[in-house]
Protein chains: 2
Amino acid sequence: MVRPRLELGIDCRDPGSLATFWLAALGYQETRGDGDPYLDLVGPPGSLSVFLQRVPEPKLGKNRLHLDLYTATPEQLVSELVASGAVVMGRPLPDVERWEWQAMLDPEGNEFCVCREED
Amino acid sequence: MVRPRLELGIDCRDPGSLATFWLAALGYQETRGDGDPYLDLVGPPGSLSVFLQRVPEPKLGKNRLHLDLYTATPEQLVSELVASGAVVMGRPLPDVERWEWQAMLDPEGNEFCVCREED
């Protein structure tokens with residue numbers, strides 16, 4: 001079977017507003033499209049294609065799909081994303097000094113995690 | 001801001017069973033882990049890291065995140081994935097001879113699309 005090319009879609013109420021957050025979270029550069037209903041988030045060559053899609057229905061319960069963002073400096077990324085409108089969900093885990101992941105919500109309540117990239 | 005490395009998590013009831021489907025859908029080679037709760041789906045170098053995560057709660061409503069699988073032969077991929085346990089959701093769209101995408105459900109009801117990669 002041939003390996004398909006992947007794109008990840010995120011349903012939302014307001015693609016334009018949410019794009020600001022996800023460009024910062026992903027470290028992507030720019031948007032493409034009019035956000036009605038699609039707005040592409042464009043990263044460097046080889047990065048995952050992500051798009052935001054305006055939908056009429058509200059979010060119901062916990063997402064079954066979520067992104068983990070791995071970085072060597074997760075404390076810094078958590079701080080930056082909180083400043084960009086994200087919310088932390090409880091304490092980072094496991095409950096030790098050098099935690100491995102912090103569950104968070106984007107500005108529309110979508111779950112994601114910031115994770116420690118081990119050396 | 002540094003660009004984090006991405007992994008995509010898919011919540012499910014049965015990682016081992018669902019892994020068979022998603023390895024075929026993504027064209028990935030093997031699993032890593034014991035599926036309790038995590039099972040990694042390993043693709044070629046440079047491909048998106050995807051993992052299945054066993055969760056106790058059921059799926060509620062439509063997923064807010066979904067994958068689009070782009071291929072030059074979408075009719076063939078749809079047929080192969082139906083044979084692997086996926087279900088088509090309605091007719092492909094737009095409703096013309098050379099359709100652009102077909103919405104589908106994986107064996108646990110997670111939405112995804114098979115999309116035509118234009119030349």
# chains A, B, ... in the order shown; residues from 1 in each chain; ligands from 1

$ select_by_dssp --residues "stretch 52-116 of chain B" --states "helix (DSSP H, G or I)" --output "count of residues only"
10

$ interface_residues --of "chain B" --to "chain A" --cutoff "7 Å" --atoms "only C-alpha atoms" --output "list in words"
Met1, Val2, Arg3, Pro4, Arg5, Leu6, Glu7, Leu8, Gly9, Ile10, Asp11, Leu26, Gly27, Lys59, Leu60, Gly61, Asn63, Arg64, Leu65, His66, Leu67, Asp68, Leu69, Tyr70 and Thr71 of chain B

$ write_last_selection --atoms "C-alpha atoms" --output "compact mmCIF listing (two decimals), in the first residue's frame"
# COMPACT_ATOMS: atom_id res chain seq x y z
CA MET B 1 9.92 30.48 19.40
CA VAL B 2 11.52 27.09 18.74
CA ARG B 3 9.57 24.69 16.56
CA PRO B 4 8.54 21.67 18.66
CA ARG B 5 8.55 18.11 17.35
CA LEU B 6 5.01 16.80 16.85
CA GLU B 7 3.35 13.54 17.80
CA LEU B 8 -0.32 12.77 17.21
CA GLY B 9 -2.25 10.72 19.77
CA ILE B 10 -5.45 8.83 19.03
CA ASP B 11 -7.57 7.75 22.00
CA LEU B 26 -0.77 5.44 7.07
CA GLY B 27 1.48 2.97 5.27
CA LYS B 59 -16.13 8.58 21.96
CA LEU B 60 -18.59 11.51 22.21
CA GLY B 61 -19.74 13.18 19.02
CA ASN B 63 -13.87 14.50 16.55
CA ARG B 64 -12.55 18.08 16.46
CA LEU B 65 -9.28 16.83 14.96
CA HIS B 66 -9.01 14.52 11.97
CA LEU B 67 -6.44 13.28 9.48
CA ASP B 68 -6.69 13.73 5.74
CA LEU B 69 -4.90 11.04 3.72
CA TYR B 70 -3.83 12.39 0.31
CA THR B 71 -3.10 9.98 -2.51

$ select_by_dssp --residues "stretch 1-115 of chain B" --states "strand (DSSP E)" --output "JSON, numbers by chain"
{"B": [5, 6, 7, 8, 9, 10, 11, 12, 30, 31, 32, 38, 39, 40, 41, 42, 49, 50, 51, 52, 53, 54, 65, 66, 67, 68, 69, 70, 71, 87, 88, 101, 102, 103, 104, 105, 111, 112, 113, 114, 115]}

$ atom_distance --atom1 "atom CA of A:Asp40" --atom2 "atom CA of B:Pro92"
21.8 Å

$ atom_distance --atom1 "atom CA of A:Ala19" --atom2 "atom CA of A:Tyr38"
10.8 Å

$ atom_distance --atom1 "atom CA of B:Leu105" --atom2 "atom CA of B:Val42"
21.6 Å

$ residues_around --residues "A:Leu18" --least-positions-apart "3" --cutoff "9 Å" --atoms "only C-alpha atoms" --output "list in words"
Cys12, Arg13, Asp14, Pro15, Phe21, Trp22, Leu23, Leu52, Asp106, Pro107 and Glu108 of chain A

$ residues_around --residues "A:Gly16" --least-positions-apart "4" --cutoff "9 Å" --atoms "only C-alpha atoms" --output "short mmCIF file (atom, residue, chain, number, x, y, z; two decimals) with all heavy atoms, in the first residue's frame"
data_model
loop_
_atom_site.label_atom_id
_atom_site.label_comp_id
_atom_site.auth_asym_id
_atom_site.auth_seq_id
_atom_site.Cartn_x
_atom_site.Cartn_y
_atom_site.Cartn_z
N THR A 20 -3.66 32.35 15.14
CA THR A 20 -2.61 33.09 15.84
C THR A 20 -1.97 32.21 16.90
O THR A 20 -0.74 32.14 17.03
CB THR A 20 -3.20 34.36 16.50
OG1 THR A 20 -3.84 35.14 15.49
CG2 THR A 20 -2.11 35.17 17.18
N THR A 31 -0.31 31.88 7.44
CA THR A 31 -1.56 31.24 7.06
C THR A 31 -1.78 31.39 5.56
O THR A 31 -1.20 32.28 4.92
CB THR A 31 -2.76 31.86 7.80
OG1 THR A 31 -2.84 33.25 7.47
CG2 THR A 31 -2.62 31.70 9.30
N ASP A 34 -8.75 31.79 3.25
CA ASP A 34 -9.59 32.87 3.79
C ASP A 34 -10.32 32.46 5.07
O ASP A 34 -11.06 33.25 5.65
CB ASP A 34 -10.60 33.35 2.74
CG ASP A 34 -11.56 32.24 2.32
OD1 ASP A 34 -11.49 31.12 2.90
OD2 ASP A 34 -12.39 32.48 1.42
N GLY A 35 -10.11 31.22 5.53
CA GLY A 35 -10.74 30.79 6.78
C GLY A 35 -12.22 30.53 6.64
O GLY A 35 -12.93 30.45 7.65
N LEU A 39 -8.41 27.39 6.70
CA LEU A 39 -7.24 28.25 6.83
C LEU A 39 -6.05 27.33 7.05
O LEU A 39 -5.98 26.61 8.05
CB LEU A 39 -7.42 29.21 8.01
CG LEU A 39 -6.46 30.38 8.11
CD1 LEU A 39 -6.59 31.32 6.91
CD2 LEU A 39 -6.76 31.19 9.39
N LEU A 52 -7.07 24.76 9.85
CA LEU A 52 -8.21 25.04 10.72
C LEU A 52 -9.45 25.09 9.84
O LEU A 52 -9.41 25.57 8.71
CB LEU A 52 -8.02 26.37 11.44
CG LEU A 52 -6.72 26.47 12.25
CD1 LEU A 52 -6.57 27.86 12.84
CD2 LEU A 52 -6.68 25.41 13.34
#

$ decode --residues "stretch 52-63 of chain A" --atoms "N, CA, C and O atoms" --output "mmCIF file, in the first residue's frame"
data_model
loop_
_atom_site.group_PDB
_atom_site.id
_atom_site.type_symbol
_atom_site.label_atom_id
_atom_site.label_comp_id
_atom_site.auth_asym_id
_atom_site.auth_seq_id
_atom_site.Cartn_x
_atom_site.Cartn_y
_atom_site.Cartn_z
ATOM 1 N N LEU A 52 -7.071 24.761 9.851
ATOM 2 C CA LEU A 52 -8.212 25.035 10.716
ATOM 3 C C LEU A 52 -9.455 25.086 9.841
ATOM 4 O O LEU A 52 -9.410 25.567 8.707
ATOM 5 N N GLN A 53 -10.555 24.560 10.377
ATOM 6 C CA GLN A 53 -11.790 24.441 9.604
ATOM 7 C C GLN A 53 -12.935 24.983 10.444
ATOM 8 O O GLN A 53 -13.201 24.486 11.544
ATOM 9 N N ARG A 54 -13.589 26.019 9.933
ATOM 10 C CA ARG A 54 -14.740 26.574 10.645
ATOM 11 C C ARG A 54 -15.893 25.569 10.592
ATOM 12 O O ARG A 54 -16.250 25.091 9.503
ATOM 13 N N VAL A 55 -16.472 25.249 11.749
ATOM 14 C CA VAL A 55 -17.626 24.343 11.816
ATOM 15 C C VAL A 55 -18.695 24.988 12.689
ATOM 16 O O VAL A 55 -18.381 25.783 13.588
ATOM 17 N N PRO A 56 -19.964 24.635 12.443
ATOM 18 C CA PRO A 56 -21.039 25.265 13.220
ATOM 19 C C PRO A 56 -21.230 24.643 14.595
ATOM 20 O O PRO A 56 -21.704 25.324 15.519
ATOM 21 N N GLU A 57 -20.875 23.365 14.743
ATOM 22 C CA GLU A 57 -21.216 22.685 15.992
ATOM 23 C C GLU A 57 -20.186 22.973 17.079
ATOM 24 O O GLU A 57 -19.015 23.187 16.791
ATOM 25 N N PRO A 58 -20.597 22.930 18.349
ATOM 26 C CA PRO A 58 -19.665 23.146 19.454
ATOM 27 C C PRO A 58 -18.850 21.893 19.737
ATOM 28 O O PRO A 58 -19.172 20.798 19.270
ATOM 29 N N LYS A 59 -17.755 22.075 20.492
ATOM 30 C CA LYS A 59 -16.950 20.948 20.961
ATOM 31 C C LYS A 59 -17.747 20.148 21.990
ATOM 32 O O LYS A 59 -18.401 20.719 22.859
ATOM 33 N N LEU A 60 -17.686 18.805 21.885
ATOM 34 C CA LEU A 60 -18.387 17.927 22.827
ATOM 35 C C LEU A 60 -17.372 17.023 23.497
ATOM 36 O O LEU A 60 -16.800 16.154 22.854
ATOM 37 N N GLY A 61 -17.151 17.210 24.776
ATOM 38 C CA GLY A 61 -16.276 16.302 25.509
ATOM 39 C C GLY A 61 -14.821 16.416 25.091
ATOM 40 O O GLY A 61 -14.421 17.320 24.359
ATOM 41 N N LYS A 62 -14.031 15.442 25.560
ATOM 42 C CA LYS A 62 -12.587 15.432 25.308
ATOM 43 C C LYS A 62 -12.313 14.976 23.884
ATOM 44 O O LYS A 62 -12.914 14.019 23.404
ATOM 45 N N ASN A 63 -11.376 15.664 23.211
ATOM 46 C CA ASN A 63 -10.985 15.232 21.871
ATOM 47 C C ASN A 63 -10.383 13.829 21.910
ATOM 48 O O ASN A 63 -9.641 13.491 22.825
#
